[in-house]
Each structure stands twice: as C-alpha cells, then as structure tokens.
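Structure data (TSV, C-alpha atoms) from coords-v4.tsv:
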chain	number	residue	atom	x	y	z
A	1	MET	CA	-18.55	8.87	-21.88
A	2	THR	CA	-17.56	9.18	-18.25
A	3	ASP	CA	-14.99	11.94	-17.73
A	4	ALA	CA	-12.29	10.50	-15.45
A	5	ALA	CA	-10.47	13.83	-15.04
A	6	ASP	CA	-13.66	15.64	-14.01
A	7	LEU	CA	-14.48	12.81	-11.59
A	8	THR	CA	-10.99	13.14	-10.09
A	9	ALA	CA	-11.54	16.85	-9.41
A	10	ARG	CA	-14.95	16.15	-7.86
A	11	LEU	CA	-13.50	13.47	-5.59
A	12	ILE	CA	-10.71	15.80	-4.46
A	13	ARG	CA	-13.39	18.23	-3.29
A	14	CYS	CA	-14.52	15.58	-0.80
A	15	PRO	CA	-12.31	16.13	2.31
A	16	SER	CA	-11.76	12.43	3.03
A	17	VAL	CA	-8.74	12.50	5.35
A	18	THR	CA	-8.52	9.08	7.03
A	19	PRO	CA	-10.88	7.98	8.60
A	20	GLU	CA	-13.41	10.54	7.30
A	21	GLU	CA	-15.50	9.49	4.30
A	22	GLY	CA	-15.99	13.10	3.22
A	23	GLY	CA	-18.69	12.27	0.68
A	24	ALA	CA	-16.38	10.48	-1.76
A	25	LEU	CA	-17.92	7.02	-1.43
A	26	VAL	CA	-21.45	8.45	-1.46
A	27	MET	CA	-20.67	10.15	-4.79
A	28	LEU	CA	-19.22	6.96	-6.26
A	29	ALA	CA	-22.12	4.84	-5.01
A	30	ASP	CA	-24.63	7.13	-6.71
A	31	LEU	CA	-22.65	7.15	-9.98
A	32	LEU	CA	-22.20	3.37	-10.07
A	33	SER	CA	-25.82	2.64	-9.09
A	34	ALA	CA	-27.02	4.83	-11.95
A	35	ALA	CA	-24.84	2.77	-14.32
A	36	GLY	CA	-26.43	-0.51	-13.25
A	37	PHE	CA	-23.92	-1.70	-10.66
A	38	GLU	CA	-25.14	-3.42	-7.52
A	39	VAL	CA	-23.62	-1.28	-4.77
A	40	ARG	CA	-23.18	-2.06	-1.08
A	41	ARG	CA	-21.56	-0.13	1.76
A	42	VAL	CA	-19.39	-2.56	3.72
A	43	ASP	CA	-18.40	-0.35	6.65
A	44	ARG	CA	-16.62	-1.98	9.59
A	45	GLY	CA	-16.26	-0.04	12.79
A	46	ASP	CA	-15.67	3.56	11.81
A	47	THR	CA	-14.16	2.65	8.44
A	48	PRO	CA	-16.18	3.37	5.27
A	49	ASN	CA	-15.93	0.87	2.40
A	50	LEU	CA	-17.73	0.39	-0.90
A	51	PHE	CA	-18.40	-2.76	-2.92
A	52	ALA	CA	-19.84	-2.59	-6.44
A	53	ARG	CA	-20.54	-5.40	-8.90
A	54	TRP	CA	-21.86	-5.43	-12.45
A	55	GLY	CA	-22.81	-8.85	-13.81
A	56	ALA	CA	-23.85	-12.18	-12.42
A	57	ARG	CA	-22.24	-13.95	-9.50
A	58	GLY	CA	-20.13	-16.93	-10.42
A	59	ALA	CA	-19.21	-15.50	-13.82
A	60	ARG	CA	-15.66	-14.73	-14.85
A	61	THR	CA	-14.83	-11.63	-12.83
A	62	PHE	CA	-12.32	-8.80	-13.16
A	63	GLY	CA	-11.67	-6.64	-10.11
A	64	PHE	CA	-10.28	-3.21	-9.31
A	65	ASN	CA	-9.23	-1.98	-5.90
A	66	GLY	CA	-8.41	1.47	-4.59
A	67	HIS	CA	-8.92	3.99	-1.82
A	68	THR	CA	-10.48	7.42	-1.48
A	69	ASP	CA	-8.95	8.33	1.88
A	70	VAL	CA	-6.01	10.71	1.85
A	71	VAL	CA	-3.24	11.85	4.18
A	72	PRO	CA	-3.63	15.22	5.98
A	73	PRO	CA	-2.72	18.28	3.88
A	74	GLY	CA	-0.36	19.83	6.44
A	75	ASP	CA	0.10	23.60	6.45
A	76	LEU	CA	-2.74	25.00	4.32
A	77	GLY	CA	-0.75	28.18	3.71
A	78	SER	CA	1.91	26.19	1.85
A	79	TRP	CA	-0.50	25.17	-0.92
A	80	THR	CA	-0.74	27.13	-4.16
A	81	HIS	CA	-4.43	26.16	-4.35
A	82	PRO	CA	-6.50	24.93	-1.38
A	83	PRO	CA	-5.92	21.17	-0.97
A	84	PHE	CA	-9.60	20.25	-1.29
A	85	SER	CA	-10.49	22.71	-4.06
A	86	GLY	CA	-9.97	20.29	-6.97
A	87	HIS	CA	-8.65	23.31	-8.83
A	88	VAL	CA	-8.11	22.75	-12.55
A	89	GLU	CA	-5.77	25.03	-14.44
A	90	GLY	CA	-3.67	24.55	-17.55
A	91	GLY	CA	-4.67	20.91	-17.88
A	92	VAL	CA	-3.57	20.08	-14.31
A	93	ILE	CA	-5.78	19.01	-11.39
A	94	TRP	CA	-4.57	20.23	-7.98
A	95	GLY	CA	-5.38	18.87	-4.53
A	96	ARG	CA	-4.82	16.23	-1.92
A	97	GLY	CA	-5.41	12.82	-3.47
A	98	ALA	CA	-4.79	14.00	-7.03
A	99	THR	CA	-2.06	11.36	-7.33
A	100	ASP	CA	-2.67	9.06	-4.38
A	101	MET	CA	-5.17	7.97	-5.42
A	102	LYS	CA	-8.48	9.58	-6.24
A	103	SER	CA	-7.33	9.80	-9.84
A	104	GLY	CA	-6.75	6.03	-9.96
A	105	VAL	CA	-10.20	5.37	-8.50
A	106	ALA	CA	-11.78	7.83	-10.94
A	107	ALA	CA	-9.99	6.15	-13.85
A	108	PHE	CA	-11.14	2.61	-13.06
A	109	VAL	CA	-14.67	3.69	-12.12
A	110	ALA	CA	-15.00	5.61	-15.40
A	111	ALA	CA	-13.48	2.74	-17.39
A	112	ALA	CA	-15.76	0.16	-15.78
A	113	ILE	CA	-18.92	2.23	-16.36
A	114	ASP	CA	-18.12	2.95	-20.01
A	115	PHE	CA	-17.07	-0.66	-20.65
A	116	VAL	CA	-20.20	-2.33	-19.29
A	117	THR	CA	-22.39	0.31	-20.97
A	118	ALA	CA	-20.82	0.04	-24.42
A	119	THR	CA	-19.96	-3.66	-24.53
A	120	PRO	CA	-21.70	-5.59	-21.74
A	121	PRO	CA	-19.42	-8.56	-21.04
A	122	ALA	CA	-20.28	-12.19	-20.46
A	123	GLY	CA	-18.83	-11.84	-17.00
A	124	ALA	CA	-18.68	-9.52	-14.04
A	125	VAL	CA	-16.72	-6.46	-12.92
A	126	ILE	CA	-16.15	-5.86	-9.21
A	127	LEU	CA	-14.89	-2.62	-7.67
A	128	THR	CA	-13.67	-2.56	-4.06
A	129	ILE	CA	-12.96	0.91	-2.67
A	130	THR	CA	-11.90	1.64	0.89
A	131	GLY	CA	-11.55	4.65	3.13
A	132	ASP	CA	-8.77	3.10	5.23
A	133	GLU	CA	-5.61	2.60	3.21
A	134	GLU	CA	-3.61	5.54	4.51
A	135	GLY	CA	-4.50	4.64	8.11
A	136	PRO	CA	-4.25	1.40	10.10
A	137	SER	CA	-5.64	-0.68	7.18
A	138	ARG	CA	-7.37	-3.05	9.58
A	139	ASP	CA	-10.98	-2.48	8.53
A	140	GLY	CA	-10.62	-1.39	4.91
A	141	THR	CA	-9.75	-3.82	2.13
A	142	ARG	CA	-9.48	-6.57	4.75
A	143	ALA	CA	-13.12	-5.95	5.72
A	144	LEU	CA	-14.20	-5.95	2.08
A	145	LEU	CA	-12.47	-9.28	1.43
A	146	ASP	CA	-13.95	-10.79	4.62
A	147	TRP	CA	-17.42	-9.66	3.55
A	148	MET	CA	-16.91	-10.99	0.03
A	149	ALA	CA	-15.89	-14.40	1.38
A	150	ALA	CA	-19.01	-14.52	3.56
A	151	GLN	CA	-21.22	-13.53	0.61
A	152	GLY	CA	-19.64	-15.90	-1.90
A	153	GLU	CA	-18.25	-13.01	-3.97
A	154	ARG	CA	-14.92	-13.51	-5.74
A	155	MET	CA	-12.59	-11.77	-8.17
A	156	ASP	CA	-10.55	-13.91	-10.54
A	157	VAL	CA	-7.89	-11.22	-11.01
A	158	CYS	CA	-7.47	-7.69	-9.68
A	159	ILE	CA	-5.67	-4.45	-10.48
A	160	VAL	CA	-4.86	-2.07	-7.63
A	161	GLY	CA	-4.82	1.46	-9.05
A	162	GLU	CA	-2.01	2.83	-6.84
A	163	PRO	CA	0.56	5.12	-8.50
A	164	SER	CA	3.12	2.68	-9.86
A	165	ASN	CA	5.24	4.72	-12.27
A	166	PRO	CA	8.33	6.61	-11.04
A	167	SER	CA	8.43	9.43	-13.61
A	168	GLU	CA	6.63	8.51	-16.86
A	169	MET	CA	3.45	6.61	-17.68
A	170	GLY	CA	4.18	3.03	-18.69
A	171	GLU	CA	7.48	2.60	-16.83
A	172	MET	CA	6.44	0.09	-14.20
A	173	ILE	CA	3.90	-2.52	-13.14
A	174	LYS	CA	4.11	-3.84	-9.60
A	175	ILE	CA	3.77	-7.63	-9.57
A	176	GLY	CA	4.58	-8.04	-5.89
A	177	ARG	CA	5.76	-6.26	-2.78
A	178	ARG	CA	8.33	-6.80	-0.11
A	179	GLY	CA	7.08	-7.74	3.33
A	180	SER	CA	7.33	-5.27	6.19
A	181	ALA	CA	7.90	-6.05	9.86
A	182	THR	CA	8.61	-3.68	12.75
A	183	PHE	CA	10.40	-5.02	15.82
A	184	ARG	CA	10.18	-3.08	19.09
A	185	ILE	CA	12.99	-4.22	21.35
A	186	ALA	CA	13.02	-3.50	25.09
A	187	ALA	CA	16.12	-4.06	27.23
A	188	ARG	CA	16.02	-4.14	31.05
A	189	GLY	CA	19.19	-4.20	33.13
A	190	VAL	CA	20.21	-2.84	36.53
A	191	GLN	CA	20.69	0.88	37.11
A	192	GLY	CA	23.97	2.03	38.65
A	193	HIS	CA	26.73	4.61	38.88
A	194	ALA	CA	28.83	4.95	35.74
A	195	ALA	CA	31.96	4.74	37.88
A	196	TYR	CA	30.95	1.34	39.27
A	197	PRO	CA	29.78	-0.71	36.27
A	198	ASN	CA	30.34	-3.97	38.17
A	199	ARG	CA	27.33	-3.09	40.32
A	200	ALA	CA	25.05	-2.56	37.31
A	201	ARG	CA	23.99	-4.24	34.12
A	202	ASN	CA	23.92	-1.81	31.23
A	203	PRO	CA	20.93	-2.42	28.93
A	204	LEU	CA	22.42	-0.19	26.23
A	205	HIS	CA	25.47	-2.41	25.90
A	206	ALA	CA	23.32	-5.48	25.38
A	207	LEU	CA	20.95	-3.66	23.06
A	208	THR	CA	23.67	-2.17	20.87
A	209	ARG	CA	25.37	-5.57	20.61
A	210	LEU	CA	22.12	-6.99	19.30
A	211	LEU	CA	21.70	-4.13	16.85
A	212	ASP	CA	25.29	-4.34	15.67
A	213	GLY	CA	24.80	-8.02	14.88
A	214	LEU	CA	21.69	-7.21	12.85
A	215	ILE	CA	23.41	-4.62	10.65
A	216	SER	CA	26.84	-6.24	10.36
A	217	ALA	CA	25.85	-8.47	7.43
A	218	PRO	CA	23.11	-8.24	4.77
A	219	LEU	CA	20.07	-10.43	5.20
A	220	ASP	CA	20.40	-11.76	1.65
A	221	GLN	CA	21.51	-10.86	-1.86
A	222	GLY	CA	18.05	-10.60	-3.40
A	223	THR	CA	16.11	-12.97	-5.66
A	224	GLU	CA	15.00	-13.05	-9.29
A	225	HIS	CA	12.17	-10.57	-8.76
A	226	PHE	CA	13.20	-8.89	-5.50
A	227	GLU	CA	15.95	-6.56	-4.35
A	228	PRO	CA	18.00	-7.55	-1.27
A	229	SER	CA	16.06	-7.29	1.97
A	230	GLY	CA	16.70	-4.12	3.94
A	231	LEU	CA	17.00	-3.57	7.69
A	232	GLN	CA	16.89	-0.13	9.28
A	233	ILE	CA	17.28	0.90	12.92
A	234	THR	CA	14.75	3.71	13.23
A	235	SER	CA	15.00	4.54	16.96
A	236	ILE	CA	17.23	4.03	20.01
A	237	ASP	CA	16.26	5.55	23.35
A	238	CYS	CA	16.90	5.21	27.06
A	239	GLY	CA	15.44	8.45	28.43
A	240	ASN	CA	18.56	9.09	30.52
A	241	PRO	CA	19.22	12.79	31.29
A	242	ALA	CA	22.44	12.19	33.24
A	243	SER	CA	25.89	11.23	31.99
A	244	ASN	CA	26.96	9.45	35.20
A	245	ILE	CA	24.05	7.00	35.46
A	246	ILE	CA	23.83	3.61	33.83
A	247	PRO	CA	20.16	3.42	32.87
A	248	GLU	CA	17.85	0.60	33.86
A	249	THR	CA	16.02	0.38	30.56
A	250	ALA	CA	16.57	1.08	26.88
A	251	SER	CA	14.62	0.47	23.71
A	252	ALA	CA	15.03	0.35	19.96
A	253	VAL	CA	12.86	0.01	16.88
A	254	VAL	CA	13.95	-1.96	13.82
A	255	ASN	CA	12.09	-2.09	10.51
A	256	ILE	CA	12.78	-4.85	7.99
A	257	ARG	CA	11.56	-4.78	4.39
A	258	PHE	CA	12.05	-8.36	3.28
A	259	ASN	CA	11.86	-10.36	0.08
A	260	ASP	CA	10.45	-13.81	-0.60
A	261	LEU	CA	13.40	-15.59	1.04
A	262	HIS	CA	11.88	-14.70	4.40
A	263	ASP	CA	8.60	-14.41	6.20
A	264	GLY	CA	7.58	-12.68	9.39
A	265	GLU	CA	7.87	-15.85	11.45
A	266	SER	CA	11.40	-16.74	10.30
A	267	LEU	CA	12.65	-13.20	10.94
A	268	SER	CA	11.06	-13.20	14.40
A	269	ARG	CA	12.66	-16.54	15.28
A	270	ASP	CA	16.10	-15.30	14.21
A	271	LEU	CA	15.81	-12.10	16.24
A	272	GLU	CA	14.58	-13.98	19.31
A	273	ARG	CA	17.51	-16.40	19.02
A	274	ARG	CA	20.02	-13.57	18.87
A	275	ALA	CA	18.35	-11.80	21.79
A	276	ARG	CA	18.36	-14.93	24.00
A	277	ALA	CA	22.06	-15.47	23.41
A	278	ILE	CA	22.92	-11.91	24.45
A	279	SER	CA	20.56	-12.04	27.45
A	280	ASP	CA	22.18	-15.25	28.67
A	281	GLU	CA	25.63	-13.70	28.40
A	282	THR	CA	24.91	-10.25	29.87
A	283	GLY	CA	22.04	-10.79	32.29
A	284	VAL	CA	20.06	-8.06	30.54
A	285	THR	CA	16.50	-9.03	29.66
A	286	LEU	CA	15.63	-8.42	26.02
A	287	THR	CA	12.00	-8.65	24.94
A	288	ILE	CA	10.65	-8.16	21.43
A	289	GLU	CA	7.24	-7.12	20.11
A	290	VAL	CA	6.52	-7.69	16.42
A	291	ASP	CA	4.17	-5.74	14.17
A	292	LEU	CA	3.88	-7.56	10.84
A	293	SER	CA	2.42	-5.18	8.27
A	294	GLY	CA	2.47	-7.71	5.44
A	295	GLU	CA	4.31	-10.70	4.00
A	296	ALA	CA	6.30	-10.60	0.79
A	297	PHE	CA	4.36	-11.81	-2.23
A	298	LEU	CA	4.74	-12.22	-5.96
A	299	THR	CA	2.21	-12.58	-8.79
A	300	GLU	CA	4.14	-14.79	-11.17
A	301	PRO	CA	4.35	-13.54	-14.76
A	302	GLY	CA	1.76	-15.33	-16.88
A	303	PRO	CA	-1.37	-14.57	-18.96
A	304	PHE	CA	-2.78	-11.91	-16.59
A	305	VAL	CA	0.52	-10.05	-16.14
A	306	ASP	CA	1.24	-10.39	-19.87
A	307	LEU	CA	-2.14	-8.88	-20.77
A	308	VAL	CA	-1.64	-5.84	-18.56
A	309	ARG	CA	1.94	-5.36	-19.72
A	310	ARG	CA	1.08	-5.63	-23.41
A	311	ILE	CA	-1.73	-3.08	-23.24
A	312	VAL	CA	0.31	-0.64	-21.15
A	313	GLU	CA	3.10	-0.86	-23.74
A	314	GLN	CA	0.67	-0.35	-26.64
A	315	GLU	CA	-0.99	2.65	-25.00
A	316	THR	CA	2.16	4.39	-23.70
A	317	GLY	CA	4.91	3.26	-26.07
A	318	ARG	CA	6.98	2.01	-23.14
A	319	ARG	CA	7.54	-1.61	-22.11
A	320	PRO	CA	6.96	-1.54	-18.35
A	321	GLU	CA	9.39	-3.07	-15.90
A	322	LEU	CA	7.89	-5.79	-13.71
A	323	SER	CA	8.81	-4.57	-10.25
A	324	THR	CA	8.40	-5.43	-6.57
A	325	SER	CA	9.91	-2.18	-5.28
A	326	GLY	CA	8.38	0.35	-2.91
A	327	GLY	CA	6.44	0.11	0.31
A	328	THR	CA	3.24	-1.75	1.09
A	329	SER	CA	-0.23	-1.43	-0.44
A	330	ASP	CA	-3.57	-3.17	-0.10
A	331	ALA	CA	-2.36	-5.66	-2.70
A	332	ARG	CA	-0.80	-7.45	0.29
A	333	PHE	CA	-4.32	-8.46	1.35
A	334	ILE	CA	-5.73	-9.17	-2.11
A	335	LYS	CA	-2.88	-11.58	-2.98
A	336	ASP	CA	-4.54	-14.17	-0.69
A	337	HIS	CA	-7.79	-13.78	-2.67
A	338	CYS	CA	-6.65	-13.75	-6.32
A	339	PRO	CA	-3.71	-12.80	-8.58
A	340	VAL	CA	-3.09	-9.05	-8.24
A	341	VAL	CA	-0.93	-6.40	-9.90
A	342	GLU	CA	-0.61	-2.66	-9.39
A	343	PHE	CA	-0.70	-0.16	-12.18
A	344	GLY	CA	-1.59	3.50	-11.88
A	345	LEU	CA	-0.29	7.00	-12.44
A	346	VAL	CA	3.10	8.62	-11.92
A	347	GLY	CA	3.68	8.91	-8.16
A	348	ARG	CA	5.94	11.96	-8.19
A	349	TYR	CA	3.70	14.29	-6.14
A	350	MET	CA	1.96	11.84	-3.80
A	351	HIS	CA	1.75	13.00	-0.16
A	352	GLN	CA	3.38	16.32	-1.07
A	353	VAL	CA	2.21	19.89	-0.71
A	354	ASP	CA	0.74	20.96	-4.08
A	355	GLU	CA	-0.11	17.38	-5.02
A	356	ARG	CA	-1.33	17.45	-8.61
A	357	VAL	CA	-1.86	15.39	-11.76
A	358	PRO	CA	-2.19	16.19	-15.48
A	359	GLU	CA	-5.70	15.63	-16.82
A	360	ASP	CA	-4.35	13.78	-19.86
A	361	GLN	CA	-2.59	11.28	-17.59
A	362	VAL	CA	-5.88	10.43	-15.85
A	363	ASN	CA	-7.64	10.01	-19.20
A	364	GLN	CA	-4.79	7.83	-20.47
A	365	LEU	CA	-5.07	5.61	-17.40
A	366	LYS	CA	-8.80	5.26	-17.97
A	367	ALA	CA	-8.14	4.22	-21.58
A	368	ILE	CA	-5.61	1.60	-20.43
A	369	TYR	CA	-8.04	0.14	-17.89
A	370	GLN	CA	-10.86	0.03	-20.45
A	371	ARG	CA	-8.64	-1.73	-22.99
A	372	ILE	CA	-7.65	-4.28	-20.36
A	373	LEU	CA	-11.31	-4.99	-19.61
A	374	GLU	CA	-12.16	-5.30	-23.29
A	375	GLU	CA	-9.39	-7.76	-24.02
A	376	TYR	CA	-9.83	-9.74	-20.80
A	377	PHE	CA	-13.45	-10.47	-21.70
A	378	ALA	CA	-12.90	-10.75	-25.46

What is this file in structure tokens?
Amino acid sequence: MTDAADLTARLIRCPSVTPEEGGALVMLADLLSAAGFEVRRVDRGDTPNLFARWGARGARTFGFNGHTDVVPPGDLGSWTHPPFSGHVEGGVIWGRGATDMKSGVAAFVAAAIDFVTATPPAGAVILTITGDEEGPSRDGTRALLDWMAAQGERMDVCIVGEPSNPSEMGEMIKIGRRGSATFRIAARGVQGHAAYPNRARNPLHALTRLLDGLISAPLDQGTEHFEPSGLQITSIDCGNPASNIIPETASAVVNIRFNDLHDGESLSRDLERRARAISDETGVTLTIEVDLSGEAFLTEPGPFVDLVRRIVEQETGRRPELSTSGGTSDARFIKDHCPVVEFGLVGRYMHQVDERVPEDQVNQLKAIYQRILEEYFA
C-alpha cells in the first residue's frame, strides 16, 4: 500500500516555490516508474512538468491533474514549524503545500499506483503534474496538453485534485469555473491649472465616468449553475502630487469574474464601446489592454459527474454541492481537452502561514480517488 500521508510530508520537504522544481517531480517520477508507469518530463522553458501513463494508448483513459509548485512561505519566523519541514505531529502534517496541493497530488499518485497494482484495468491512467500553477500558468498544464496533442495522448475524463471543500470533506465538487478578465484602462487628457479647467481635459473625469457606468448596474443575475458575474475596480491612479494641477494621464484596473452568459470577447467589446462614447464626448483618449486568464466553463452533470458525486457521498456521508464558485484553476485548460471536475481536500489553510492538513483527510482522499478508478473501469 502506498502511504499518501507520508508521501505528502516527503513532497512538502521539497522546496518547490514557483518556478523551482525542488525535487518534487523527480521523487514522483521515480515512484511512478517503479510502479510500471511510463514517465516523461515535459518541461517547457524554465517550467518543470511531469507526464505519467499506465496502460496502452488508445484505451479508455482516466486522468488526474495537479501541481507541486507552491507560493512563497513569507516570514519564516511566523511559522510554528519550518514551512518545508513536512513536520508531522498529532496526526497533522505541517508545511507549505500541505493543502494546496501536494496532498492532492500525493493522494491521486498513491491511489493510481495501488489501483493498477491490485486490479490492473482494461484501460489507462494518466497523471499530469505541473510546476507552474501558482505562477503565470503559461508553460505548465498548457504545455502538457500541447505535448499530449502532439503525441496522440488523450484523457477521456479528468479530476483536478485542487482543494474544493470549504470546511468539511464531501461538501463540494467543482464542475466549472467563472471566467476571469483583467482590464487595464489608460486615460490621456491635457494637463492644466485646476483654476482654469477650460484649458485642460481632465482624464480622471472621463475615467471615473467610465468606471461609474461599469459599477452602476450588475452584469447579470446569474445562471442555473453560476452566481452573478462580479466586477471589481482594483486600482485607480494618476501619480499627481499636487492639488492644483489637472493631470495629463490616469489609469485604472478592473477585474471581472464572469459566468457563462459572457466571454472575454463580448466583455471587451462592451468596454470598448463605452470607452469610445466617453472619449468622443470628452476628448480624453481611453485605451484598454485585456488580460484574459480564462473563459467560464461548465462540465454538465452526467455519468462522470454522477460517479464522482456518488462515491464522495458514500465515502464521506455528505452529498456534495455541484459548484462553480471560487477563482481559477488549471481545469480552465483541461476543459478544452476532456470533461473535468475538481475534487480535493478542505481548503481552509491554503496559502496561509502554518498551512497544514490532517493525515486522515489525505488518506480519505486517496480512498475516494481509488474507488472512483475502480468503478470507472468496472
């Protein structure tokens, strides 16, 4: 039997702060190779990635996805136990990545190894593990999927092992995610004396009019599986140190988390239309740069979602909510490859000082993953 809790502690001892590999993928590659998996490093640029497959190509294939990179630990003196010690005490594993998400990786790696060893399936199991989820996410799971397409590798379904439960195991399965787009708005007017506004064009007036229009009414009322879209102004700046000068330039940043009523293109068109109207009226030039982190997506409830939900309920005693809440994850890339859901541990301590996870939770997650594999291939 592969001990998922022990593997979690060993992975935590690998200091894999993005983009450093820290030895985590090397450890997993050795473990999976010894269990009969075909293992390949699929690094792109400076980003480390790992692909592992057990079983023949072209067979029915179940996939898992996760990441071994972690966010920086912050002030080391604030930690009860050193963040990369993998300290185990009282049935709790301490360290950076204990929740997000070395435990999730350990659970699906252990489940996959024990499953193919005990009951070799008439199919294949694929594991895709990246070292670039907490960073830019350009050369991580994206690179793995690009490489898989070039090699003719394919998953039929996939579970991302991100922490999905708010406070108790079995509360929530993520079957989709909102999209995320950041708009950087620059306004250029004409500088002048505050006492003579007729000789200037104030970029702040134009910019705040645009922003006021964006927040004056909700984008929508939500859909069957999604909450209402949310828009937040996260920055306004003009760099003006004087109270009697109308500045020449100003800028703002707006982040929109949007549901499946919108996409990045439609939101961009709407914002450009509003900006043009205000520019034409005020003479202030408004330009917009868009950073689309991911589109909204939904894995429709059906046999795959039902299987995961049923086993989670049987193993935890809770019927999980099918949710699309939260931020983004690498599921936003996998959804273009195959149906994908997210189910993992309780996310209470992720990214916090003294990040930690109970050993029994990790072992329970492994048992859930192994049951899912057994019934999927039954």

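The smallest atom-to-atom distance between Ile256 of chain A and any of A:Thr119, A:Thr182, A:Thr223, A:Ser243, using all atoms listed in the file, is found for A:Thr182.
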
Applying 10 Å and all atoms listed in the file, which residues near Glu162 of chain A remain after dropping the ones on its own chain fewer than 6 positions away? List them as a PDB file with C-alpha atoms, in the coordinates of the input.
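Saved file part_0.pdb follows:
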ATOM      1  CA  ASN A  65      -9.230  -1.980  -5.900  1.00  0.00           C
ATOM      2  CA  GLY A  66      -8.410   1.470  -4.590  1.00  0.00           C
ATOM      3  CA  HIS A  67      -8.920   3.990  -1.820  1.00  0.00           C
ATOM      4  CA  THR A  99      -2.060  11.360  -7.330  1.00  0.00           C
ATOM      5  CA  ASP A 100      -2.670   9.060  -4.380  1.00  0.00           C
ATOM      6  CA  MET A 101      -5.170   7.970  -5.420  1.00  0.00           C
ATOM      7  CA  LYS A 102      -8.480   9.580  -6.240  1.00  0.00           C
ATOM      8  CA  SER A 103      -7.330   9.800  -9.840  1.00  0.00           C
ATOM      9  CA  GLY A 104      -6.750   6.030  -9.960  1.00  0.00           C
ATOM     10  CA  VAL A 105     -10.200   5.370  -8.500  1.00  0.00           C
ATOM     11  CA  LYS A 174       4.110  -3.840  -9.600  1.00  0.00           C
ATOM     12  CA  SER A 329      -0.230  -1.430  -0.440  1.00  0.00           C
ATOM     13  CA  ASP A 330      -3.570  -3.170  -0.100  1.00  0.00           C
ATOM     14  CA  ALA A 331      -2.360  -5.660  -2.700  1.00  0.00           C
ATOM     15  CA  VAL A 341      -0.930  -6.400  -9.900  1.00  0.00           C
ATOM     16  CA  GLU A 342      -0.610  -2.660  -9.390  1.00  0.00           C
ATOM     17  CA  PHE A 343      -0.700  -0.160 -12.180  1.00  0.00           C
ATOM     18  CA  GLY A 344      -1.590   3.500 -11.880  1.00  0.00           C
ATOM     19  CA  LEU A 345      -0.290   7.000 -12.440  1.00  0.00           C
ATOM     20  CA  VAL A 346       3.100   8.620 -11.920  1.00  0.00           C
ATOM     21  CA  GLY A 347       3.680   8.910  -8.160  1.00  0.00           C
TER      22      GLY A 347
END

Residues within 7 Å of Trp79 of chain A, only C-alpha atoms, excluding chain neighbours under 4 positions, as an mmCIF file with C-alpha atoms, keeping the file's coordinate frame:
data_model
loop_
_atom_site.group_PDB
_atom_site.id
_atom_site.type_symbol
_atom_site.label_atom_id
_atom_site.label_comp_id
_atom_site.auth_asym_id
_atom_site.auth_seq_id
_atom_site.Cartn_x
_atom_site.Cartn_y
_atom_site.Cartn_z
ATOM 1 C CA PRO A 83 -5.920 21.170 -0.970
ATOM 2 C CA VAL A 353 2.210 19.890 -0.710
ATOM 3 C CA ASP A 354 0.740 20.960 -4.080
#

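Distances to Asn202 of chain A were evaluated for A:Ala122, A:Ala250, A:Val340, A:Ile159 using only C-alpha atoms, and the minimum falls at A:Ala250.
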
Distance criterion (only C-alpha atoms): nearest to Pro120 of chain A out of A:Ala56, A:Met172, A:Val157, A:Leu219 | A:Ala56

7 Å contact set for Phe226 of chain A, all atoms listed in the file, chain neighbours under 3 positions out, as a list in words = Gly222, Thr223, Asn259 and Thr324 of chain A

Extract, using only C-alpha atoms, all DNA, RNA and protein residues at most 10 Å from His81 of chain A, discarding same-chain residues fewer than 2 positions from it, and format them as a PyMOL selection string.
-> chain A and resi 76-79+83-88+94-95+353-355

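Comparing the minimum interatomic distances between Glu153 of chain A and each of A:Ser180, A:Thr61, A:Thr8, A:Gln314, counting all atoms listed in the file, we find that A:Thr61 sits nearest.
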
Between atom CA of Val26 of chain A and atom CA of Arg60 of chain A, what is the spacing in Å?
-> 27.4 Å

Write out as a list in words each polymer residue whose atoms come within 12 Å of Gln232 of chain A, counting all atoms listed in the file; drop sequence neighbours fewer than 3 positions from it.
-> Ser180, Ala181, Thr182, Phe183, Leu211, Asp212, Leu214, Ile215, Ser216, Pro218, Leu219, Ser229, Ser235, Ile236, Ala252, Val253, Val254, Asn255, Ile256, Arg257 and Phe258 of chain A

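Take atom CA of Thr68 of chain A and atom CA of Pro358 of chain A: the distance between them is 18.5 Å.
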
Could you state the separation of atom CA of Ala150 of chain A and atom CA of Val17 of chain A in Å, given to one decimal place?
-> 29.0 Å

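Taking only C-alpha atoms into account, Ala194 of chain A lies nearest to A:Asn244 out of the set A:Asn244, A:Pro228, A:Arg269, A:Arg154.
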
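Remark: for Trp54 of chain A, the closest of the candidate residues A:Glu20, A:Asp75, A:Asp114, A:Glu89 is A:Asp114 (distances computed over all atoms listed in the file).
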
Dig up all the protein and nucleic acid residues within 12 Å of (-20.3, -3.2, 11.2) in the file frame, using only C-alpha atoms, and format them as a ChimeraX atom specification.
-> /A:41-49,139-140,143-144,146-147

Within-10 Å shell of (-6.7, 4.4, -20.4) in input frame, all atoms listed in the file, as a PyMOL selection string = chain A and resi 4+107-108+110-111+311-312+315-316+344+360-372
